[in-house]
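A.B. asks: This is the structure I want to talk about, given as structure tokens.
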Amino acid sequence: MAARPSWRSALRRMDAAGSGFRFRCYATPVIQVERVDPATSVAKALRRKYGPSSWDGQVPWERGSMIVPQMAEGDVEKFVETELDSFVPMQPRPLSMQEVLDMLDPARIAKFLHVEVPVRFAERIRWIRDIQDWQQIPELVEVEAAHMQVFRDLRMVQRKPTLDAFTAVVERALQRQQPVRLKVALAMHRLNTEKEGFDSDFIDPWLDDFLLNCIGTEMLMSQYLACVNMDPAANKPRGLAGIIDPDCDVAQICRETAMHVQEITEEHTGRCPLIQVEVFQDRAVPRFSYIPGFLRFIMTEVLKNSCRATAEVAKSDRDVQKRPINVIVCADDHEVAIRVCDRARGIPFGVGQTVWSYLYTTAGRNKATYAEKATSLAGYGIGLPLSRLYARYLGGSLNLVSLPGYGTSVDLFLRRVNANQVEIVPDNDA
Ligand SMILES: Nc1ncnc2c1ncn2[C@@H]1O[C@H](COP(=O)(O)OP(=O)(O)O)[C@@H](O)[C@H]1O
Ligand SMILES: [Mg+2]
């Protein structure tokens, strides 16, 4: 396998500061949410993989407490910049799912988030500021400003006497994070076309790290809000643990997503491809413990690609019906596998691994800029690589095989969320 290019080394070549980043993957035995002592097994596994660190052996909600000094309005900006400098060197603290499950009490998870989210935002702010002349890219300026706002809000908010103010800040931070993924993709397209030296060797690993970091904070903040809003009486029977659904109905999610994507495709192309969802399992419909929002995101992106390709390749509405898209869902006790096959003539051999680049898209070929090309159906180029990040974040995988002239097959493998699993975060010790 080819070595993952380091955007950091590209940065160094461009005389900017930095160090290497790469993914860490934990292969863990699969067990149904069993109790693990965080101070022993998970900590040991983390130590084995990451080496000793400042948070070694510490349960996450004891990591630190945030005391915000009282200050005059004019001093806030200076305080926030100084705070940013002190947060940048702090490493993210990857969580095991057991730890996520142990933090269902809002006060506990709030205490952890109050340090961890600013650490991860500070990391992303530094990555933006490390890019030479980043102020000349309007989308990067917007993304940096949105990040600074969240960092400032989180540093200035108190968790006492109630969690209300903190919850409002987390809600706003999640809202602000929504448009960031597309904005940052547009920024990278602009950087690639308008500046020298920003090719896919720089942009792809940079966006992998940035977006993986976004997925982690999004998960933590959504988990907190789910815990705050959890109605214990209503949720207990299903054992919902925040955003993790221990009884996630994979086939139903695939069916719902298929209908949604058919609507988007019809809206943009005037054609409505056929999608058939088939379920294969010995005993029952595949249900497993997972984060449904992640599965929905991945399936939406993969199906949008198949639907768009089918609608574009078909010569008539009858031809569309002759090219059904098949979704095959199967599972065993440990994993769920989903295959999406279409008959939309595939991707040319020459494209190869480029299909996973954030810079690769064939949508809106006649449009002048990427901003004009992009619609809710296609054009940002981030559907495949970002879906692969979502799959990897919880230890799964996403692969694509194209038979040029015939069609494309995408295989998604997802592991049951289990207690020992540790989220994957960009790691700066490479
Ligand atoms: N099922 C498919 N059939 C044909 N081409 C595909 C398929 N999936 C992906 N592609 C190609 O890969 C490109 C990148 O896909 P993606 O990352 O989702 O970005 P986008 O859809 O925004 O272009 C698409 O523009 C298309 O050319
Ligand atoms: Mg797409």
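Ligands are numbered from 1 in the order shown, residues from 1 within each chain, and chains are lettered A, B, ... in the order they appear in the structure tokens.
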Find the residues around region 254-261 of chain A up to 7 Å (only C-alpha atoms counted), leave out those fewer than 5 positions away in its own chain, and share them as a list in words.

C.D. replies: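 So, after excluding close chain neighbours, the residues are Ile275, Val277, Arg296, Met299, Thr300, Leu303 and Lys304 of chain A.
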
A.B. asks: What does the list of residues within 6 Å of ligand 1 look like if you count only C-alpha atoms and all ligand atoms, written as a list in words?

C.D. replies: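 After applying the 6 Å limit, what remains is Asn305, Ser306, Ala309, Ala344, Gly346, Ile347, Val355, Tyr360, Thr361, Thr362, Ala363, Ala378, Gly379, Tyr380, Gly381, Ile382, Gly383, Leu384, Pro385 and Thr408 of chain A.
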
A.B. asks: With N, CA and C atoms retained, write the just-selected residues as an mmCIF file, in the first residue's frame.

C.D. replies:
data_model
loop_
_atom_site.group_PDB
_atom_site.id
_atom_site.type_symbol
_atom_site.label_atom_id
_atom_site.label_comp_id
_atom_site.auth_asym_id
_atom_site.auth_seq_id
_atom_site.Cartn_x
_atom_site.Cartn_y
_atom_site.Cartn_z
ATOM 1 N N ASN A 305 -24.352 9.111 -5.413
ATOM 2 C CA ASN A 305 -23.438 8.865 -6.534
ATOM 3 C C ASN A 305 -24.051 7.892 -7.534
ATOM 4 N N SER A 306 -24.618 6.786 -7.030
ATOM 5 C CA SER A 306 -25.200 5.781 -7.933
ATOM 6 C C SER A 306 -26.407 6.350 -8.671
ATOM 7 N N ALA A 309 -25.256 8.937 -11.344
ATOM 8 C CA ALA A 309 -24.636 8.271 -12.490
ATOM 9 C C ALA A 309 -25.705 7.564 -13.322
ATOM 10 N N ALA A 344 -24.353 1.868 -13.968
ATOM 11 C CA ALA A 344 -24.253 3.201 -14.577
ATOM 12 C C ALA A 344 -22.899 3.389 -15.267
ATOM 13 N N GLY A 346 -19.895 2.638 -14.560
ATOM 14 C CA GLY A 346 -18.661 2.682 -13.771
ATOM 15 C C GLY A 346 -17.829 3.932 -13.943
ATOM 16 N N ILE A 347 -16.579 3.817 -13.475
ATOM 17 C CA ILE A 347 -15.633 4.940 -13.496
ATOM 18 C C ILE A 347 -14.446 4.494 -14.358
ATOM 19 N N VAL A 355 -10.405 8.721 -7.299
ATOM 20 C CA VAL A 355 -11.807 8.844 -6.924
ATOM 21 C C VAL A 355 -11.947 9.201 -5.438
ATOM 22 N N TYR A 360 -11.510 15.456 -6.639
ATOM 23 C CA TYR A 360 -12.073 14.802 -7.823
ATOM 24 C C TYR A 360 -13.595 14.839 -7.820
ATOM 25 N N THR A 361 -14.142 15.457 -8.843
ATOM 26 C CA THR A 361 -15.586 15.403 -9.074
ATOM 27 C C THR A 361 -15.819 15.601 -10.558
ATOM 28 N N THR A 362 -16.824 14.904 -11.092
ATOM 29 C CA THR A 362 -17.146 15.117 -12.509
ATOM 30 C C THR A 362 -18.460 15.884 -12.637
ATOM 31 N N ALA A 363 -18.989 16.340 -11.498
ATOM 32 C CA ALA A 363 -20.262 17.071 -11.548
ATOM 33 C C ALA A 363 -20.039 18.486 -12.069
ATOM 34 N N ALA A 378 -24.450 16.561 -5.976
ATOM 35 C CA ALA A 378 -23.030 16.273 -6.211
ATOM 36 C C ALA A 378 -22.266 17.545 -6.486
ATOM 37 N N GLY A 379 -20.934 17.435 -6.499
ATOM 38 C CA GLY A 379 -20.120 18.548 -6.956
ATOM 39 C C GLY A 379 -19.076 19.060 -5.988
ATOM 40 N N TYR A 380 -19.199 18.698 -4.707
ATOM 41 C CA TYR A 380 -18.181 19.144 -3.758
ATOM 42 C C TYR A 380 -16.971 18.196 -3.752
ATOM 43 N N GLY A 381 -17.174 16.980 -4.268
ATOM 44 C CA GLY A 381 -16.071 16.015 -4.328
ATOM 45 C C GLY A 381 -15.753 15.357 -3.001
ATOM 46 N N ILE A 382 -16.572 15.621 -1.968
ATOM 47 C CA ILE A 382 -16.210 15.100 -0.643
ATOM 48 C C ILE A 382 -17.039 13.879 -0.239
ATOM 49 N N GLY A 383 -18.031 13.508 -1.083
ATOM 50 C CA GLY A 383 -18.938 12.415 -0.695
ATOM 51 C C GLY A 383 -18.208 11.127 -0.348
ATOM 52 N N LEU A 384 -17.363 10.644 -1.269
ATOM 53 C CA LEU A 384 -16.680 9.358 -1.030
ATOM 54 C C LEU A 384 -15.631 9.454 0.078
ATOM 55 N N PRO A 385 -14.670 10.406 -0.008
ATOM 56 C CA PRO A 385 -13.650 10.432 1.060
ATOM 57 C C PRO A 385 -14.215 10.695 2.445
ATOM 58 N N THR A 408 -20.680 0.230 -10.936
ATOM 59 C CA THR A 408 -19.834 0.427 -9.753
ATOM 60 C C THR A 408 -20.428 -0.328 -8.576
#

A.B. asks: If DSSP is run on the backbone, what residues of region 173-302 of chain A are strand (DSSP E)? A reply as a PyMOL selection string would be ideal.

C.D. replies: chain A and resi 245-249+275-280+287-290

A.B. asks: Quick one: of A:Arg308, A:Lys160, A:Lys78, A:Lys195, who's nearest to ligand 2, counting only C-alpha atoms and all ligand atoms?

C.D. replies: A:Arg308

A.B. asks: I want to know what sits within 12 Å of Phe280 (chain A), based on only C-alpha atoms, with residues of the same chain fewer than 5 positions away left out; could you give that as a list in words?

C.D. replies: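 Near neighbours after the sequence-gap exclusion: Val250, Ala251, Val285, Pro286, Arg287, Val327, Ile328, Val329, Cys330, Ala331, Asp332, Val336, Ala337, Ile338 and Arg339 of chain A.
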
A.B. asks: Please provide the set of residues having any atom within 12 Å of Gln136 (chain A), restricted to only C-alpha atoms, with same-chain residues fewer than 6 positions apart removed, written as number ranges by chain.

C.D. replies: A: 128-129, 142, 187, 190-191, 194-195

A.B. asks: Write the residues of the selection above to a file with N, CA and C atoms, as a CSV table (one decimal), in the first residue's frame.

C.D. replies:
chain,number,residue,atom,x,y,z
A,128,ILE,N,-5.5,25.6,10.1
A,128,ILE,CA,-5.8,26.7,9.1
A,128,ILE,C,-4.7,27.7,9.1
A,129,ARG,N,-4.4,28.2,10.3
A,129,ARG,CA,-3.4,29.3,10.4
A,129,ARG,C,-2.0,28.9,9.9
A,142,GLU,N,-13.7,32.5,6.7
A,142,GLU,CA,-15.0,32.3,7.4
A,142,GLU,C,-14.9,31.1,8.3
A,187,ALA,N,-12.9,25.8,0.1
A,187,ALA,CA,-11.6,26.5,0.4
A,187,ALA,C,-10.5,25.8,-0.3
A,190,ARG,N,-10.4,26.1,-4.0
A,190,ARG,CA,-9.9,27.4,-4.4
A,190,ARG,C,-8.4,27.5,-4.2
A,191,LEU,N,-7.9,27.0,-3.1
A,191,LEU,CA,-6.5,26.9,-2.8
A,191,LEU,C,-5.7,26.2,-3.9
A,194,GLU,N,-6.0,28.5,-7.2
A,194,GLU,CA,-5.5,29.8,-7.2
A,194,GLU,C,-4.0,30.0,-6.6
A,195,LYS,N,-3.6,28.9,-5.9
A,195,LYS,CA,-2.2,29.0,-5.3
A,195,LYS,C,-1.3,27.9,-5.8

A.B. asks: Among region 183-328 of chain A, which ones does DSSP place in alpha helix (DSSP H), written as a PyMOL selection string?

C.D. replies: chain A and resi 183-194+200-229+232-235+250-269+292-313+317-321

A.B. asks: Counting only C-alpha atoms and all ligand atoms, figure out which residue out of A:Val80, A:Leu386, A:Val302, A:Met148 gets nearest to ligand 2.

C.D. replies: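 When distances to ligand 2 are compared using only C-alpha atoms and all ligand atoms, the smallest one comes from A:Val302.
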
A.B. asks: Between A:Asp247, A:Leu186, A:Val88, A:Ser96, single out the one closest to Tyr290 (chain A), counting only C-alpha atoms.

C.D. replies: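 So, comparing all the options, the nearest one is A:Asp247.
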
A.B. asks: Just to confirm, what's the straight-line distance from CA of Asp85 (chain A) to CA of Ala122 (chain A) in Å (one decimal)?

C.D. replies: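 It comes out at 8.3 Å.
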
A.B. asks: Quick one: everything within 9 Å of region 312-320 of chain A, counting only C-alpha atoms, minus sequence neighbours fewer than 6 positions away in the same chain. Send it as a PDB file with C-alpha atoms, in the first residue's frame.

C.D. replies:
ATOM      1  CA  THR A 269     -32.191  15.445 -12.918  1.00  0.00           C
ATOM      2  CA  ARG A 271     -35.303  11.079 -13.245  1.00  0.00           C
ATOM      3  CA  CYS A 272     -36.022   8.704 -10.408  1.00  0.00           C
ATOM      4  CA  PRO A 273     -33.767   5.614 -10.379  1.00  0.00           C
ATOM      5  CA  LEU A 274     -35.044   2.362  -8.900  1.00  0.00           C
ATOM      6  CA  ALA A 344     -24.253   3.201 -14.577  1.00  0.00           C
ATOM      7  CA  ARG A 345     -21.138   2.321 -16.614  1.00  0.00           C
TER       8      ARG A 345
END

A.B. asks: Excluding region 221-232 of chain A and its own-chain neighbours fewer than 2 positions away, which residues fall within 12 Å of it when counting only C-alpha atoms? Please give them as a VMD selection string.

C.D. replies: chain A and resid 97 99 to 114 116 to 118 120 154 162 to 164 166 to 175 177 214 to 219 234 to 245 291 293 to 294

A.B. asks: Which residues are close to Gly270 (chain A), i.e. within 10 Å by only C-alpha atoms, leaving aside same-chain residues fewer than 6 positions away? Reply as an mmCIF file with C-alpha atoms, in the first residue's frame.

C.D. replies:
data_model
loop_
_atom_site.group_PDB
_atom_site.id
_atom_site.type_symbol
_atom_site.label_atom_id
_atom_site.label_comp_id
_atom_site.auth_asym_id
_atom_site.auth_seq_id
_atom_site.Cartn_x
_atom_site.Cartn_y
_atom_site.Cartn_z
ATOM 1 C CA GLU A 263 -36.322 12.605 -4.215
ATOM 2 C CA ILE A 264 -33.084 14.628 -4.432
ATOM 3 C CA ALA A 311 -29.815 9.263 -14.217
ATOM 4 C CA ASP A 317 -37.118 6.837 -18.330
#
